[in-house]
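A.B. asks: Okay, handing you the structure first.
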Amino acid sequence: MAPSLDSWAKQNVHKGTPVVVKMENLNWSMLELESPSDEDIFPAGAPAAGEGAAPERTRNKNAKQLTWVLLLRAHRAAGCLASMAAAFLGLASAVRRRVAAGRTDNDVSEASRLGGGVRESPTLKARFYTCTKVFLWLSIVLLGFEVAAYFKGWHYGAHNVELQHLLATSFSVKGVFDRLYSKWVSIRVEYLAPPLQFLANACIVLFLIQSLDRLVLCLGCFWIKFKNIKPIPKEDASVDVESGEKGYFPMVLVQLPMCNEKEVYQQSIAAVCNLDWPKSKLLIQVLDDSDDPTAQSLIKEEVNKWQQEGARIVYRHRVIREGYKAGNLKSAMNCSYVKEYEFVSIFDADFQPAPDFLKRTVPHFKDNDELGLVQARWSFVNKDENLLTRLQHINLAFHFEVEQQVNGVFLNFFGFNGTAGVWRIKALEDSGGWLERTTVEDMDIAVRAHLHGWKFIFLNDVEAQCELPESYEAYRKQQHRWHSGPMQLFRLCLPAIIKSKISIWKKFNLIFLFFLLRKLILPFYSFTLFCIILPMTMFVPEAELPAWVVCYIPATMSFLNILPAPKSFPFIVPYLLFENTMSVTKFNAMISGLFQLGSAYEWVVTKKSGRSSEGDLLSLVEKETKHKRGNSAPDLEALKEEISRQEKKASRKKKHNRIYTKELTLAFLLLTASARSLLSAQGVHFYFLLFQGISFLLVGLDLIGEQVE
């Protein structure tokens with residue numbers, strides 16, 4: 001007789017492979033489930049009588065296991081629903097706080113007042129917002145029309161069928177609404193659809209040209225990696241008398257411009273003072289443009305501390321602060337002792353170059369008299385801080401890995417990034433020096449140096465650490481300056497480019513590729529095509545955008561953009577949506593720079609948080625140990641505790657966010673258009689408009705970054 005199930009359960013024998021579960025964030029999940037074997041059901045030595053009961057017992061046990069699995073899955077689903085509910089409640093709470101605060105981007109920011117920015121005329125600032133509001137209200141009215149027509153049964157697969165049906169209907173049987181709707185269909189077919197379709201086709205052509213340019217850049221980057229092409233400096237067998245090292249050690253000037261940046265001055269000054277270079281051949285200029293007396297005293301005290309430790313460092317403060325960063329650098333280059341130096345290296349206040357930075361960049365100038373600039377790439381200490389910094393990292397990784405590297409290898413020209421580079425002082429002087437005529441003085445000097453025949457080198461394997469803006473407000477200000485300045489520069493440089501003696505190919509590259517395609521056409525079509533034309537085609541369906549324009553080509557371009565940052569692949573969809581969202585700011589900046597509107601001359605110092613990685617702390621302690629011979633070594637734990645204390649103190653500061661009216665208006669426009677696309681059963685268009693509208697909504701409510709006040 002076969003043993004009962006109770007006696008079988010009490011036996012202390014191996015029970016096969018049971019259901020194994022684990023706890024993950026308070027949710028159960030199944031790892032493995034296997035059916036028990038016959039040996040598990042009938043232990044060794046058990047009688048084999050009642051063999052027909054074995055399948056029944058197996059089924060009973062499997063049924064129990066399946067019940068447990070279903071219960072665990074139900075528990076996990078309930079946990080997911082609870083998490084989603086909590087997320088939606090948190091989102092609603094955040095929206096309520098932002099609406100209650102009432103702070104909008106129309107308010108005058110403290111950064112504009114302290115940073116010396118030029119306040120934009122209220123009339124100019126409201127112009128773009130008014131246009132988007134008109135589009136929004138018009139789309140709402142049209143949506144109401146279309147919904148009413150839909151419930152009347154006027155929804156056909158082809159728009160010409162709808163028009164023919166409406167026009168064929170007897171006028172006597174038409175009601176007021178019928179006549180209005182048929183008139184609206186006639187107007188959009190005869191007057192609205194043709195120009196809208198023409199504009200859409202023009203933007204599609206520009207889109208394809210820009211996509212082709214992006215593809216060529218990626219192929220060039222692939223070729224560089226495949227052939228392992230990289231600049232190699234010439235070796236120098238001479239020996240430096242002071243350090244006793246072999247190598248090329250010319251006189252180098254290091255400039256550190258800063259303005260009211262109390263969060264980062266210590267780490268940046270420490271980093272440049274720890275550069276591994278003969279002391280007698282290195283001079284550091286701290287160019288302080290701060291108008292905050294506290295910041296001035298702190299920076300001056302830090303410079304004095306390093307002077308006492310033997311560093312050759314000087315502090316300069318301008319009384320008349322004209323020309324922003326360009327004016328600051330121009331003033332520093334006018335010092336009489338600068339003529340003793342052959343090269344100048346520039347670092348912004350949040351940059352922390354490695355000790356061997358000069359040893360890996362300056363040797364490229366050896367026996368290369370045509371070389372004017374050596375540019376290193378940036379790395380970021382806070383690239384994983386939040387969603388905003390992750391998305392910025394994707395853009396900048398592509399910029400350095402692909403754009404700068406390809407242009408440097410094949411053209412010997414690219415835009416100077418304003419920092420983490422080494423200039424030959426003769427190249428600066430030959431190009432006219434620093435000019436205060438635009439807010440992109442780095443691109444200005446690079447273009448003028450290129451027109452004078454100087455060559456550039458980009459080093460992809462040499463990095464300088466810096467920070468990414470962690471708040472949308474800071475990032476928005478930065479992007480406005482980066483996209484309005486090039487258009488200012490294009491207007492000023494176009495005559496000089498045409499008259500220059502460089503080759504026709506270089507002129508074409510400067511005018512069409514460098515300025516028009518990548519600085520003007522890209523923000524123009526991105527905003528016009530996806531934020532204006534696409535939602536309008538939902539209400540004027542006679543003008544159409546193919547699905548490959550809306551979905552497939554943008555997805556492919558986003559895939560190419562994200563290749564230099566492979567760890568960011570999970571963020572490919574947010575990246576695509578966020579880039580279209582930022583097109584509003586970039587388009588507005590491009591227009592203001594091209595037509596010299598008020599905001600084109602606005603300069604606001606990007607807000608820094610002063611973050612340092614643990615590796616930075618270790619290297620800093622090691623370098624300070626060398627400088628403080630005879631003294632006790634700094635305590636790394638104490639240093640970490642101090643930084644932790646400062647971060648906790650900063651976290652207690654009041655945080656505020658703003659409501660961005662342009663982004664919110666476009667969010668409602670896109671969401672309205674997505675509702676209209678449902679009536680036409682346009683799946684790809686609906687999902688794109690829906691998620692793009694949600695992206696605008698999140699950005700408009702400032703839900704992707706915090707700003708500390």
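FYI, nothing fancy with the structure tokens labels: chains A, B, ... in order, residues from 1 per chain, ligands from 1 as they appear.
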Which neighbours of Tyr315 in chain A fall inside 7 Å, counting only C-alpha atoms, when residues of the same chain fewer than 5 positions from it are skipped, and could you give them as a ChimeraX atom specification?
C.D. replies: /A:285-287,300,303
A.B. asks: How would the residues just picked look written out with C-alpha atoms as a tab-separated table (two decimals), in the first residue's frame?
C.D. replies:
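What follows is the written file part_8.tsv:
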chain	number	residue	atom	x	y	z
A	285	GLN	CA	46.37	82.97	-12.69
A	286	VAL	CA	43.15	82.90	-10.67
A	287	LEU	CA	40.96	85.38	-12.56
A	300	LYS	CA	41.87	85.20	-2.18
A	303	VAL	CA	45.27	81.52	-3.23
A.B. asks: Please report, as a VMD selection string, each residue of range 317-505 of chain A to which DSSP assigns strand (DSSP E or B) when run on this structure's backbone.
C.D. replies: chain A and resid 317 343 to 346 352 to 353 371 to 380 421 to 424 455 to 466
A.B. asks: List the spatial neighbours of Trp277 in chain A as number ranges by chain - criterion: any atom at most 10 Å away, only C-alpha atoms, same-chain residues fewer than 6 positions off excluded.
C.D. replies: A: 242-243, 249-252, 355-359
A.B. asks: Any chance you can output those residues with C-alpha atoms as a PDB file, in the first residue's frame?
C.D. replies:
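So the final result, stored in result-v6.pdb, reads:
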ATOM      1  CA  GLU A 242      64.774  71.285 -12.165  1.00  0.00           C
ATOM      2  CA  SER A 243      62.785  68.046 -12.243  1.00  0.00           C
ATOM      3  CA  PHE A 249      58.861  71.472 -20.676  1.00  0.00           C
ATOM      4  CA  PRO A 250      58.165  74.958 -22.122  1.00  0.00           C
ATOM      5  CA  MET A 251      56.816  77.894 -20.121  1.00  0.00           C
ATOM      6  CA  VAL A 252      53.085  77.341 -19.467  1.00  0.00           C
ATOM      7  CA  PRO A 355      48.160  65.936 -12.432  1.00  0.00           C
ATOM      8  CA  ASP A 356      49.578  64.664 -15.743  1.00  0.00           C
ATOM      9  CA  PHE A 357      47.311  66.860 -17.883  1.00  0.00           C
ATOM     10  CA  LEU A 358      50.087  69.145 -19.156  1.00  0.00           C
ATOM     11  CA  LYS A 359      52.460  66.239 -19.737  1.00  0.00           C
TER      12      LYS A 359
END
A.B. asks: Could you make a table, as a tab-separated table, of the residues of range 313-369 of chain A that have an atom within 10 Å of an atom of range 445-460 of chain A, each with its nearest atom pair and distance in Å to one decimal, counting only C-alpha atoms, in chain and number order?
C.D. replies:
residue	atom	partner	partner_atom	distance
A:Ala326	CA	A:Ile445	CA	9.9
A:Arg360	CA	A:Leu459	CA	9.0
A:Thr361	CA	A:Leu459	CA	7.9
A:His364	CA	A:Ile457	CA	8.4
A:Phe365	CA	A:Ile457	CA	9.7
A:Asn368	CA	A:Lys455	CA	9.6
A:Asp369	CA	A:Trp454	CA	8.9
A.B. asks: Please produce a file of the residues just selected, as a compact mmCIF listing (two decimals), in the first residue's frame, where the atoms kept are N, CA, C and O atoms.
C.D. replies:
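Result file follows (part.txt):
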# COMPACT_ATOMS: atom_id res chain seq x y z
N ALA A 326 35.25 86.57 -21.72
CA ALA A 326 36.20 87.04 -22.73
C ALA A 326 36.96 88.27 -22.23
O ALA A 326 38.18 88.37 -22.41
N ARG A 360 50.54 65.35 -20.96
CA ARG A 360 49.89 64.61 -22.03
C ARG A 360 49.37 65.51 -23.14
O ARG A 360 48.93 65.01 -24.18
N THR A 361 49.39 66.82 -22.95
CA THR A 361 48.88 67.74 -23.97
C THR A 361 49.98 68.60 -24.59
O THR A 361 50.07 68.70 -25.82
N HIS A 364 52.47 67.69 -27.68
CA HIS A 364 51.99 67.67 -29.06
C HIS A 364 52.43 68.92 -29.83
O HIS A 364 52.43 68.92 -31.08
N PHE A 365 52.79 69.98 -29.13
CA PHE A 365 53.25 71.21 -29.80
C PHE A 365 54.71 71.09 -30.26
O PHE A 365 55.17 71.93 -31.03
N ASN A 368 55.85 71.20 -34.08
CA ASN A 368 54.60 71.32 -34.84
C ASN A 368 54.15 72.78 -34.79
O ASN A 368 53.23 73.14 -34.06
N ASP A 369 54.83 73.61 -35.57
CA ASP A 369 54.62 75.06 -35.50
C ASP A 369 53.25 75.50 -36.00
O ASP A 369 52.83 76.63 -35.73
A.B. asks: Hey, what's within 7 Å of Met590 in chain A if we count only C-alpha atoms and toss same-chain stuff fewer than 5 positions away? As a list in words, please?
C.D. replies: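 Using only C-alpha atoms, the neighbours found are His483, Ser484, Met487 and Leu520 of chain A.
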A.B. asks: For the residues in that selection, give me C-alpha atoms as an mmCIF file, in the first residue's frame.
C.D. replies:
data_model
loop_
_atom_site.group_PDB
_atom_site.id
_atom_site.type_symbol
_atom_site.label_atom_id
_atom_site.label_comp_id
_atom_site.auth_asym_id
_atom_site.auth_seq_id
_atom_site.Cartn_x
_atom_site.Cartn_y
_atom_site.Cartn_z
ATOM 1 C CA HIS A 483 22.709 78.224 -29.113
ATOM 2 C CA SER A 484 22.273 81.995 -29.342
ATOM 3 C CA MET A 487 24.155 82.632 -34.496
ATOM 4 C CA LEU A 520 20.705 76.630 -37.195
#
A.B. asks: Restricting the calculation to only C-alpha atoms, which member of A:Ala270, A:Leu253, A:Met557, A:Val216 is positioned closest to Val422 in chain A?
C.D. replies: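 When distances to Val422 in chain A are compared using only C-alpha atoms, the smallest one comes from A:Leu253.
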A.B. asks: Might you pull out every residue within 8 Å of Phe587 in chain A, with only C-alpha atoms counted and same-chain residues fewer than 2 positions away left off, and present them as a list in words?
C.D. replies: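 After dropping sequence-adjacent residues, the list is Pro523, Phe524, Phe527, Ser583, Val584, Thr585, Ala589, Met590 and Ile591 of chain A.
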A.B. asks: In Å, how far is it from CA of Ile659 in chain A to CA of Phe686 in chain A?
C.D. replies: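 CA of Phe686 in chain A lies 25.7 Å from CA of Ile659 in chain A.
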A.B. asks: Show me, as a PyMOL selection string, the residues that have an atom within 10 Å of range 403-412 of chain A when counting only C-alpha atoms, minus same-chain residues fewer than 2 positions from it.
C.D. replies: chain A and resi 214+216-224+229-231+371+373-377+396-401+414-417+450+454-460+506+509
A.B. asks: Report as a Markdown table: every residue of range 323-348 of chain A with an atom at most 12 Å from range 259-264 of chain A, its closest pair of atoms, and their distance in Å to one decimal, counting only C-alpha atoms, with rows sorted by chain and ascending residue number.
C.D. replies:
| residue | atom | partner | partner_atom | distance |
| --- | --- | --- | --- | --- |
| A:Tyr324 | CA | A:Cys259 | CA | 9.2 |
| A:Lys325 | CA | A:Cys259 | CA | 8.9 |
| A:Asn328 | CA | A:Cys259 | CA | 10.0 |
| A:Asp348 | CA | A:Cys259 | CA | 9.9 |
A.B. asks: Restrict the selected residues to all heavy atoms and save them as a short mmCIF file (atom, residue, chain, number, x, y, z; two decimals), in the first residue's frame.
C.D. replies:
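Output below, filename result-v8.cif:
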data_model
loop_
_atom_site.label_atom_id
_atom_site.label_comp_id
_atom_site.auth_asym_id
_atom_site.auth_seq_id
_atom_site.Cartn_x
_atom_site.Cartn_y
_atom_site.Cartn_z
N TYR A 324 32.34 89.90 -19.74
CA TYR A 324 32.18 88.58 -19.14
C TYR A 324 33.50 87.79 -19.18
O TYR A 324 34.55 88.33 -18.88
CB TYR A 324 31.04 87.82 -19.84
CG TYR A 324 29.74 88.56 -19.85
CD1 TYR A 324 29.14 88.98 -21.04
CD2 TYR A 324 29.08 88.88 -18.66
CE1 TYR A 324 27.94 89.67 -21.04
CE2 TYR A 324 27.89 89.57 -18.65
CZ TYR A 324 27.32 89.97 -19.84
OH TYR A 324 26.13 90.65 -19.84
N LYS A 325 33.44 86.52 -19.56
CA LYS A 325 34.63 85.67 -19.53
C LYS A 325 35.68 86.14 -20.53
O LYS A 325 36.88 86.13 -20.23
CB LYS A 325 34.25 84.22 -19.82
CG LYS A 325 35.40 83.24 -19.78
CD LYS A 325 34.95 81.83 -20.10
CE LYS A 325 36.12 80.86 -20.17
NZ LYS A 325 35.68 79.48 -20.51
N ASN A 328 37.52 89.01 -19.13
CA ASN A 328 38.38 88.56 -18.04
C ASN A 328 39.69 87.97 -18.59
O ASN A 328 40.79 88.29 -18.13
CB ASN A 328 37.64 87.52 -17.21
CG ASN A 328 38.26 87.31 -15.84
OD1 ASN A 328 39.26 87.93 -15.49
ND2 ASN A 328 37.67 86.43 -15.06
N ASP A 348 37.77 76.14 -16.62
CA ASP A 348 36.66 76.78 -15.91
C ASP A 348 36.70 76.39 -14.44
O ASP A 348 37.40 75.45 -14.04
CB ASP A 348 35.33 76.38 -16.54
CG ASP A 348 35.05 77.15 -17.83
OD1 ASP A 348 35.79 78.12 -18.10
OD2 ASP A 348 34.12 76.77 -18.57
#
